[in-house]
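Chemist: One structure is given below, represented as structure tokens, and several questions about it will come after.
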Amino acid sequence: GAVVSQHPSRVICKSGTSVKIECRSLDFQATTMFWYRQFPKKSLMLMATSNEGSKATYEQGVEKDKFLINHASLTLSTLTVTSAHPEDSSFYICSARDSGGGRDTQYFGPGTRLTVL
Amino acid sequence: AQSVTQPDIHITVSEGASLELRCNYSYGATPYLFWYVQSPGQGLQLLLKYFSGDTLVQGIKGFEAEFKRSQSSFNLRKPSVHWSDAAEYFCAVGGGAGNQFYFGTGTSLTVIP
């Protein structure tokens, strides 16, 4: 099956710094990727939809200036948490849409654990 | 509005016993339905999915789920639970045609010897 990777898998940073998380589709091109956030013991909440070559669409309540999304190529989307604070600590998961060859399926990455001290 | 409800926050079963995890959904179009499993600190693993056709879907690890349109349900079942099945289980709707997933709040499964 298709594989989606995320890097890093785990990151610890100081408050006030920025952190970049990468989401890559390894064997297919993804025109659309999604970024989710998961709080402890909670479900996944969609943060934004990332479209290659255009601006991301953010869900209500998600600060677009804080969570910068760049979908630079058909295989890479990045989420940058700017000026991170402890409340940004969470598990961030991306998914990528594979719509090639008559398919239309989404695949999830393994997630990135962000801890802000 | 699209939503997914998993009524059971936590379930405990004995190893070897049968399991059923409930999922109800609300979706404005023909639903694509999914069950995912997540081990602590890990990502999501797809157990099974329903797009169309046979309403009883077989998945990995011996799991199956049945789509019941009249009840807006997509319950997950396993006839005999193994200790390694202990994890968090998420039901989701959507995800087709580039649409986002809507997740339930999850059911935490504990398996006792």
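The way I read the labels, and the way they are meant: chains A, B, ... in the order of the structure tokens, residue 1 as the first residue of every chain, and ligand 1 as the first ligand shown, with later ones counted on from there.
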Assign secondary structure with DSSP using the backbone only, and return the residues of stretch 15-55 of chain A in strand (DSSP E) as a list in words.
Modeler: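 Output for stretch 15-55 of chain A, strand (DSSP E) only: Val19, Lys20, Ile21, Glu22, Cys23, Arg24, Ser25, Thr32, Met33, Phe34, Trp35, Tyr36, Arg37, Gln38, Leu44, Met45, Leu46, Met47, Ala48, Thr49, Ser50 and Asn51 of chain A.
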Chemist: Residues near B:Arg22, anyone? I mean within 8 Å using only C-alpha atoms, not counting same-chain ones fewer than 4 positions away, as an MDAnalysis selection string.
Modeler: chainID B and resid 6:8 73:76
Chemist: Save the residues we just selected, N, CA, C and O atoms, as a compact mmCIF listing (two decimals), in the first residue's frame?
Modeler:
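Written file, again_0.txt:
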```txt
# COMPACT_ATOMS: atom_id res chain seq x y z
N GLN B 6 -19.00 7.51 18.88
CA GLN B 6 -18.61 6.22 19.45
C GLN B 6 -19.07 6.25 20.91
O GLN B 6 -18.44 6.88 21.74
N PRO B 7 -20.16 5.58 21.20
CA PRO B 7 -20.79 5.73 22.53
C PRO B 7 -19.95 5.20 23.68
O PRO B 7 -20.10 5.66 24.81
N ASP B 8 -19.11 4.24 23.39
CA ASP B 8 -18.33 3.61 24.46
C ASP B 8 -16.94 4.20 24.52
O ASP B 8 -16.15 4.04 23.60
N SER B 73 -25.17 3.05 11.20
CA SER B 73 -24.15 2.45 12.07
C SER B 73 -23.11 1.70 11.26
O SER B 73 -23.35 1.27 10.12
N PHE B 74 -21.97 1.54 11.87
CA PHE B 74 -20.86 0.80 11.25
C PHE B 74 -20.07 0.18 12.39
O PHE B 74 -18.97 0.61 12.73
N ASN B 75 -20.63 -0.84 13.00
CA ASN B 75 -20.05 -1.44 14.20
C ASN B 75 -18.92 -2.41 13.83
O ASN B 75 -19.03 -3.17 12.87
N LEU B 76 -17.91 -2.40 14.64
CA LEU B 76 -16.73 -3.25 14.44
C LEU B 76 -16.85 -4.47 15.33
O LEU B 76 -17.21 -4.36 16.50
```
Chemist: Counting only C-alpha atoms, what are the residues of chain B within 12 Å of chain A, and for each of them which pair of atoms is the nearest and at what distance in Å, to one decimal? Sort the table by chain and rising number, as a tab-separated table.
Modeler:
```
residue	atom	partner	partner_atom	distance
B:Ser3	CA	A:Met45	CA	11.7
B:Val4	CA	A:Ser43	CA	10.6
B:Thr5	CA	A:Ser43	CA	11.0
B:Gln6	CA	A:Ser43	CA	10.6
B:Ile9	CA	A:Lys41	CA	9.7
B:His10	CA	A:Lys41	CA	10.9
B:Tyr32	CA	A:Thr105	CA	10.3
B:Leu33	CA	A:Thr105	CA	11.8
B:Phe34	CA	A:Gln106	CA	11.0
B:Tyr36	CA	A:Phe108	CA	10.3
B:Val37	CA	A:Phe108	CA	11.8
B:Gln38	CA	A:Pro110	CA	9.9
B:Ser39	CA	A:Pro110	CA	11.0
B:Pro40	CA	A:Lys41	CA	10.1
B:Gly41	CA	A:Arg113	CA	8.0
B:Gln42	CA	A:Pro110	CA	6.4
B:Gly43	CA	A:Pro110	CA	4.1
B:Leu44	CA	A:Phe108	CA	6.6
B:Gln45	CA	A:Phe108	CA	8.0
B:Leu46	CA	A:Tyr107	CA	8.7
B:Lys49	CA	A:Thr105	CA	10.4
B:Tyr50	CA	A:Thr105	CA	11.7
B:Phe51	CA	A:Thr105	CA	10.5
B:Ala87	CA	A:Lys41	CA	11.6
B:Glu88	CA	A:Lys41	CA	9.0
B:Tyr89	CA	A:Ser43	CA	9.9
B:Phe90	CA	A:Ser43	CA	7.7
B:Cys91	CA	A:Ser43	CA	9.8
B:Ala92	CA	A:Leu44	CA	9.9
B:Gly94	CA	A:Gln106	CA	10.1
B:Gly95	CA	A:Gln106	CA	6.5
B:Gly96	CA	A:Asp104	CA	6.5
B:Ala97	CA	A:Asp104	CA	6.0
B:Gly98	CA	A:Arg97	CA	6.3
B:Asn99	CA	A:Arg97	CA	9.0
B:Gln100	CA	A:Phe34	CA	7.3
B:Phe101	CA	A:Leu46	CA	7.8
B:Tyr102	CA	A:Met45	CA	7.9
B:Phe103	CA	A:Leu44	CA	6.3
B:Gly104	CA	A:Ser43	CA	6.3
B:Thr105	CA	A:Ser43	CA	4.5
B:Gly106	CA	A:Ser43	CA	6.1
B:Thr107	CA	A:Lys41	CA	9.6
B:Ser108	CA	A:Lys41	CA	8.9
```
Chemist: Can you tell me how far atom CA of B:Ala86 sits from atom CA of B:Tyr25, in Å to one decimal?
Modeler: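 Separation of atom CA of B:Ala86 and atom CA of B:Tyr25: 23.7 Å.
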Chemist: Pick out the closest residue to B:Arg69 from this set: B:Val57, B:Leu47, B:Asn24, B:Ile112. Count only C-alpha atoms.
Modeler: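 That would be B:Asn24, the residue with the smallest distance to B:Arg69.
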Chemist: When you count only C-alpha atoms, which of these residues is closest to A:Ala56: A:Leu117, A:Val19, A:Gln38, A:Thr78?
Modeler: A:Thr78
Chemist: What does the distance between atom CA of A:Glu63 and atom CA of A:Val81 come to in Å, to one decimal place?
Modeler: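 Separation between atom CA of A:Glu63 and atom CA of A:Val81: 10.1 Å.
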Chemist: If DSSP is run on the backbone, what residues of chain A are helix (DSSP H, G or I)? A reply as a list of chain:residue names would be ideal.
Modeler: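 Helix (DSSP H, G or I) assignments inside chain A correspond to A:Pro86, A:Glu87, A:Asp88, A:Gly100, A:Gly101, A:Gly102.
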Chemist: For B:Ala1, work out the shell of residues within 7 Å, counting only C-alpha atoms and skipping chain neighbours fewer than 2 positions away, then give it as a ChimeraX atom specification.
Modeler: /B:3,26-28
Chemist: If you keep N, CA and C atoms, can you produce a file of those selected residues as a CSV table (one decimal), in the first residue's frame?
Modeler:
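What landed in again_28.csv:
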```csv
chain,number,residue,atom,x,y,z
B,3,SER,N,-20.8,14.0,11.4
B,3,SER,CA,-20.2,13.6,12.8
B,3,SER,C,-20.2,12.1,12.9
B,26,SER,N,-23.3,10.6,11.1
B,26,SER,CA,-24.2,11.5,10.4
B,26,SER,C,-23.4,12.1,9.3
B,27,TYR,N,-23.9,11.9,8.0
B,27,TYR,CA,-23.1,12.4,6.9
B,27,TYR,C,-24.1,12.7,5.8
B,28,GLY,N,-23.8,13.8,5.1
B,28,GLY,CA,-24.8,14.3,4.2
B,28,GLY,C,-24.8,13.6,2.8
```
Chemist: Which residues are near B:Gly16? Cut-off 9 Å, only C-alpha atoms, ignore same chain within fewer than 2 positions. Put them as a JSON list (two decimals) with C-alpha atoms, in the first residue's frame.
Modeler:
```json
[["chain", "number", "residue", "atom", "x", "y", "z"],
["B", 13, "VAL", "CA", -13.05, -7.72, 27.55],
["B", 14, "SER", "CA", -11.45, -11.01, 28.45],
["B", 18, "SER", "CA", -16.05, -11.57, 21.40],
["B", 79, "PRO", "CA", -15.14, -13.09, 17.39],
["B", 80, "SER", "CA", -12.16, -13.74, 19.66],
["B", 81, "VAL", "CA", -10.04, -10.97, 21.09],
["B", 82, "HIS", "CA", -6.30, -11.30, 21.58],
["B", 83, "TRP", "CA", -4.25, -9.43, 24.17],
["B", 113, "PRO", "CA", -6.19, -12.41, 30.69]]
```
Chemist: Nearest residue to B:Ser52 out of B:Thr30, B:Leu109, B:Gln2, B:Ser72, using only C-alpha atoms?
Modeler: B:Thr30
Chemist: When you draw a straight line from atom CA of B:Lys68 to atom CA of B:Ala17, how long is it in Å?
Modeler: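 Separation between atom CA of B:Lys68 and atom CA of B:Ala17: 23.6 Å.
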Chemist: Need the shell around A:Thr115: protein/DNA/RNA residues with any atom at most 8 Å away, counting only C-alpha atoms. Skip same-chain ones fewer than 2 positions apart. Format as a list of chain:residue names?
Modeler: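 Residues near the query, excluding close chain neighbours: A:Val11, A:Ile12, A:Cys13, A:Pro86, A:Asp88, A:Ser89, A:Ser90, A:Arg113, A:Leu117.
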Chemist: For B:Val111, which residue out of B:Glu15, B:Phe67, B:Asp54, B:Cys23 is the nearest one, using only C-alpha atoms?
Modeler: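 Looking only at the distances to B:Val111, the closest residue turns out to be B:Glu15.
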